[in-house]
$ cat structure21.txt   # compact mmCIF, C-alpha atoms
# COMPACT_ATOMS: atom_id res chain seq x y z
CA MET A 1 -4.56 -49.81 1.74
CA TYR A 2 -4.50 -46.66 -0.38
CA ASN A 3 -3.26 -48.46 -3.49
CA THR A 4 -5.86 -51.20 -3.05
CA LEU A 5 -8.70 -48.69 -2.73
CA LEU A 6 -7.35 -46.65 -5.62
CA GLY A 7 -7.25 -49.78 -7.78
CA LEU A 8 -10.86 -50.57 -6.89
CA SER A 9 -11.91 -47.00 -7.69
CA ARG A 10 -10.24 -47.22 -11.10
CA ASN A 11 -12.21 -50.32 -12.09
CA ILE A 12 -13.27 -49.78 -15.70
CA PHE A 13 -16.70 -51.14 -14.71
CA PHE A 14 -17.60 -47.80 -13.08
CA TYR A 15 -16.69 -45.74 -16.13
CA LYS A 16 -17.71 -47.98 -19.05
CA GLU A 17 -20.78 -49.80 -17.71
CA ILE A 18 -22.08 -47.38 -15.09
CA LYS A 19 -20.93 -44.29 -17.03
CA LEU A 20 -19.62 -42.39 -14.01
CA PRO A 21 -17.39 -39.41 -14.83
CA ASP A 22 -13.71 -40.30 -14.57
CA SER A 23 -12.68 -37.59 -12.10
CA PHE A 24 -10.74 -37.16 -8.88
CA GLU A 25 -14.00 -36.60 -7.01
CA THR A 26 -15.61 -39.80 -8.33
CA ARG A 27 -12.56 -41.83 -7.37
CA ILE A 28 -12.56 -40.41 -3.84
CA TYR A 29 -16.25 -41.26 -3.44
CA LEU A 30 -15.65 -44.79 -4.74
CA MET A 31 -12.65 -45.22 -2.44
CA PHE A 32 -14.72 -44.08 0.53
CA PHE A 33 -17.62 -46.40 -0.36
CA HIS A 34 -15.23 -49.35 -0.50
CA PHE A 35 -13.42 -48.27 2.67
CA SER A 36 -16.70 -47.80 4.55
CA ILE A 37 -17.79 -51.31 3.67
CA ILE A 38 -14.47 -52.68 4.89
CA MET A 39 -14.79 -50.75 8.15
CA LYS A 40 -18.41 -51.95 8.59
CA ILE A 41 -17.25 -55.55 8.21
CA PHE A 42 -14.56 -55.09 10.84
CA LYS A 43 -17.16 -53.68 13.23
CA LYS A 44 -19.70 -56.43 12.51
CA LYS A 45 -17.00 -59.04 13.14
CA GLY A 46 -16.22 -57.41 16.50
CA SER A 47 -12.83 -55.93 15.60
CA LYS A 48 -11.49 -52.41 15.37
CA PHE A 49 -9.95 -51.21 12.15
CA ASP A 50 -6.26 -50.36 12.41
CA GLN A 51 -5.85 -46.62 13.02
CA SER A 52 -2.52 -46.54 11.22
CA SER A 53 -4.18 -47.81 8.01
CA TYR A 54 -6.79 -45.08 8.30
CA ASP A 55 -4.09 -42.45 8.87
CA SER A 56 -2.05 -43.79 5.97
CA LEU A 57 -5.05 -43.54 3.64
CA PHE A 58 -5.56 -39.88 4.45
CA HIS A 59 -1.84 -39.16 4.31
CA ASN A 60 -1.73 -40.56 0.76
CA ILE A 61 -4.78 -38.54 -0.27
CA GLU A 62 -3.12 -35.42 1.16
CA ASN A 63 0.06 -36.14 -0.82
CA ASN A 64 -2.02 -36.61 -3.96
CA LEU A 65 -3.66 -33.22 -3.47
CA ARG A 66 -0.27 -31.59 -3.05
CA GLU A 67 0.97 -33.29 -6.23
CA LEU A 68 -2.05 -31.85 -8.02
CA GLY A 69 -0.80 -28.39 -7.05
CA PHE A 70 -3.06 -27.49 -4.12
CA GLY A 71 -1.50 -25.24 -1.47
CA ASP A 72 -1.38 -25.78 2.30
CA VAL A 73 -4.57 -23.86 3.12
CA SER A 74 -6.51 -25.53 0.34
CA VAL A 75 -5.21 -29.00 1.23
CA ASN A 76 -6.10 -28.56 4.91
CA LYS A 77 -9.65 -27.50 4.03
CA LYS A 78 -10.08 -30.35 1.54
CA MET A 79 -8.78 -32.90 4.05
CA LYS A 80 -11.23 -31.68 6.66
CA ASP A 81 -14.05 -31.90 4.10
CA MET A 82 -12.97 -35.41 3.05
CA ASN A 83 -12.93 -36.59 6.64
CA LYS A 84 -16.53 -35.40 7.02
CA LEU A 85 -17.40 -37.04 3.71
CA LEU A 86 -15.98 -40.40 4.79
CA TYR A 87 -17.93 -40.31 8.05
CA ASP A 88 -21.12 -39.35 6.23
CA ILE A 89 -20.72 -42.40 3.99
CA LEU A 90 -19.56 -44.68 6.82
CA LEU A 91 -22.49 -43.83 9.08
CA LYS A 92 -25.15 -44.10 6.37
CA ILE A 93 -23.99 -46.75 3.88
CA ASP A 94 -25.82 -49.67 5.50
CA GLU A 95 -29.53 -49.10 6.04
CA LYS A 96 -29.92 -52.31 7.99
CA ASP A 97 -30.24 -52.30 11.73
CA GLU A 98 -26.94 -53.06 13.48
CA GLU A 99 -28.65 -56.02 15.15
CA ALA A 100 -29.72 -57.50 11.81
CA ASN A 101 -27.99 -60.37 10.06
CA ASN A 102 -24.31 -59.46 9.70
CA LYS A 103 -24.01 -61.38 6.44
CA GLU A 104 -26.23 -58.87 4.65
CA ILE A 105 -26.03 -55.22 3.72
CA LYS A 106 -28.67 -52.88 2.35
CA ILE A 107 -26.94 -50.04 0.51
CA ASN A 108 -28.51 -46.67 1.27
CA GLN A 109 -30.16 -45.40 -1.94
CA LYS A 110 -30.14 -41.76 -0.85
CA LEU A 111 -26.42 -41.95 -0.19
CA ILE A 112 -25.71 -43.32 -3.67
CA ILE A 113 -27.79 -40.57 -5.27
CA LYS A 114 -26.15 -37.91 -3.08
CA TYR A 115 -22.62 -38.77 -4.25
CA PHE A 116 -23.33 -40.12 -7.72
CA LYS A 117 -25.83 -37.78 -9.37
CA GLU A 118 -25.72 -39.88 -12.56
CA LEU A 119 -27.48 -42.67 -10.63
CA ASN A 120 -30.54 -40.66 -9.58
CA ASP A 121 -32.95 -43.18 -11.12
CA THR A 122 -33.02 -46.13 -8.72
CA LYS A 123 -34.81 -48.23 -11.33
CA SER A 124 -32.15 -47.74 -14.01
CA VAL A 125 -29.88 -50.58 -15.09
CA SER A 126 -26.81 -48.52 -14.13
CA TYR A 127 -28.11 -47.92 -10.62
CA LYS A 128 -28.96 -51.62 -10.14
CA LYS A 129 -25.50 -52.68 -11.37
CA PHE A 130 -23.84 -50.17 -9.05
CA GLU A 131 -25.85 -51.32 -6.05
CA ARG A 132 -25.23 -54.99 -6.91
CA TYR A 133 -21.49 -54.31 -7.19
CA PHE A 134 -21.31 -53.05 -3.60
CA ILE A 135 -23.51 -55.83 -2.23
CA ASP A 136 -21.25 -58.36 -3.96
CA PHE A 137 -18.17 -56.52 -2.67
CA TYR A 138 -19.54 -56.68 0.88
CA ASN A 139 -20.29 -60.41 0.56
CA PHE A 140 -16.87 -61.12 -0.93
CA CYS A 141 -15.08 -59.22 1.85
CA PHE A 142 -17.25 -60.63 4.63
CA ASP A 143 -16.13 -64.15 3.74
CA ILE A 144 -12.42 -63.23 4.04
CA SER A 145 -10.66 -63.35 7.40
CA LEU A 146 -9.91 -59.91 8.80
CA ASP A 147 -6.18 -60.66 8.85
CA ASN A 148 -6.11 -61.24 5.09
CA MET A 149 -8.86 -58.90 3.93
CA ILE A 150 -6.75 -56.02 2.60
CA ARG A 151 -4.46 -58.38 0.66
CA GLU A 152 -7.33 -60.47 -0.71
CA ILE A 153 -9.61 -57.61 -1.79
CA VAL A 154 -7.63 -57.18 -5.01
CA LYS A 155 -9.08 -60.53 -6.12
CA PHE A 156 -12.60 -59.05 -6.22
CA LYS A 157 -13.71 -58.78 -9.81
CA LYS A 158 -16.83 -57.37 -11.36
$ encode --input "structure21.txt" --output "structure tokens"
Amino acid sequence: MYNTLLGLSRNIFFYKEIKLPDSFETRIYLMFFHFSIIMKIFKKKGSKFDQSSYDSLFHNIENNLRELGFGDVSVNKKMKDMNKLLYDILLKIDEKDEEANNKEIKINQKLIIKYFKELNDTKSVSYKKFERYFIDFYNFCFDISLDNMIREIVKFKK
């Protein structure tokens, strides 16, 4: 799961076309946007996401922070902050009513602007491409069976 999300967050599209800064923070935000969409799809299809995959994701992020030289106290604080960050994104990413058509998603504009300051103009080409990317990602993933989703996501191209 971690490697799949990391690969998606490293997509050159975000850095060349959208002009997002290539930083640890940007990659975490992109990973959490992708992960939130995956978790939303599981919920909309009436299934729970595997807790061990969730735990593994955060364990890998924690290891990454340690490899970057952060100490125990700093890592613990950052992990707590990242958990809050993921839930902020997860709870707000889809502006549509839960009862609405499951095949559609409306990406929360305020959430995009909150985490990607470079996209503060919702009428800009970059913003539209970013939003379209995540709508297309949602649609691509929604059409995949839950059993194969994590393996098949790597086939998503933008």
$ atom_distance --input "structure21.txt" --atom1 "CA of Met1 (chain A)" --atom2 "CA of Lys45 (chain A)"
19.2 Å
$ closest_residue --input "structure21.txt" --among "A:Ser74, A:Phe33, A:Met82, A:Glu67" --to "Asn108 (chain A)" --atoms "all atoms listed in the file"
A:Phe33
$ closest_residue --input "structure21.txt" --among "A:Leu5, A:Met39, A:Ile12, A:Cys141" --to "Asp94 (chain A)" --atoms "all atoms listed in the file"
A:Met39
$ closest_residue --input "structure21.txt" --among "A:Leu146, A:Leu20, A:Ile28, A:Leu65" --to "Lys77 (chain A)" --atoms "all atoms listed in the file"
A:Leu65
$ residues_around --input "structure21.txt" --residues "Ser23 (chain A)" --least-positions-apart "6" --cutoff "12 Å" --atoms "all atoms listed in the file" --output "list in words"
Ser9, Arg10, Phe14, Tyr15, Tyr29, Leu30 and Phe116 of chain A
$ build_atoms --input "structure21.txt" --residues "region 70-92 of chain A" --atoms "N, CA and C atoms" --output "compact mmCIF listing (two decimals), in the frame of the given file"
# COMPACT_ATOMS: atom_id res chain seq x y z
N PHE A 70 -2.32 -28.23 -5.15
CA PHE A 70 -3.06 -27.49 -4.12
C PHE A 70 -2.09 -27.01 -3.04
N GLY A 71 -2.34 -25.82 -2.52
CA GLY A 71 -1.50 -25.24 -1.47
C GLY A 71 -1.93 -25.71 -0.09
N ASP A 72 -1.16 -25.32 0.92
CA ASP A 72 -1.38 -25.78 2.30
C ASP A 72 -2.79 -25.48 2.80
N VAL A 73 -3.24 -24.25 2.62
CA VAL A 73 -4.57 -23.86 3.12
C VAL A 73 -5.66 -24.67 2.42
N SER A 74 -5.54 -24.79 1.12
CA SER A 74 -6.51 -25.53 0.34
C SER A 74 -6.50 -27.02 0.70
N VAL A 75 -5.33 -27.59 0.87
CA VAL A 75 -5.21 -29.00 1.23
C VAL A 75 -5.84 -29.25 2.60
N ASN A 76 -5.54 -28.39 3.56
CA ASN A 76 -6.10 -28.56 4.91
C ASN A 76 -7.63 -28.52 4.88
N LYS A 77 -8.19 -27.60 4.12
CA LYS A 77 -9.65 -27.50 4.03
C LYS A 77 -10.22 -28.75 3.35
N LYS A 78 -9.59 -29.17 2.26
CA LYS A 78 -10.08 -30.35 1.54
C LYS A 78 -9.98 -31.61 2.40
N MET A 79 -8.93 -31.73 3.19
CA MET A 79 -8.78 -32.90 4.05
C MET A 79 -9.86 -32.93 5.12
N LYS A 80 -10.17 -31.77 5.66
CA LYS A 80 -11.23 -31.68 6.66
C LYS A 80 -12.57 -32.08 6.02
N ASP A 81 -12.82 -31.57 4.81
CA ASP A 81 -14.05 -31.90 4.10
C ASP A 81 -14.12 -33.40 3.78
N MET A 82 -12.99 -33.98 3.39
CA MET A 82 -12.97 -35.41 3.05
C MET A 82 -13.19 -36.28 4.28
N ASN A 83 -12.69 -35.86 5.41
CA ASN A 83 -12.93 -36.59 6.64
C ASN A 83 -14.42 -36.62 6.96
N LYS A 84 -15.08 -35.48 6.81
CA LYS A 84 -16.53 -35.40 7.02
C LYS A 84 -17.27 -36.27 6.01
N LEU A 85 -16.79 -36.25 4.78
CA LEU A 85 -17.40 -37.04 3.71
C LEU A 85 -17.32 -38.53 4.02
N LEU A 86 -16.14 -38.99 4.45
CA LEU A 86 -15.98 -40.40 4.79
C LEU A 86 -16.94 -40.79 5.91
N TYR A 87 -17.04 -39.97 6.93
CA TYR A 87 -17.93 -40.31 8.05
C TYR A 87 -19.39 -40.26 7.65
N ASP A 88 -19.75 -39.37 6.75
CA ASP A 88 -21.12 -39.35 6.23
C ASP A 88 -21.43 -40.68 5.55
N ILE A 89 -20.52 -41.14 4.71
CA ILE A 89 -20.72 -42.40 3.99
C ILE A 89 -20.69 -43.57 4.97
N LEU A 90 -19.72 -43.58 5.86
CA LEU A 90 -19.56 -44.68 6.82
C LEU A 90 -20.81 -44.86 7.70
N LEU A 91 -21.34 -43.75 8.17
CA LEU A 91 -22.49 -43.83 9.08
C LEU A 91 -23.80 -44.17 8.38
N LYS A 92 -23.88 -43.94 7.07
CA LYS A 92 -25.15 -44.10 6.37
C LYS A 92 -25.16 -45.20 5.31
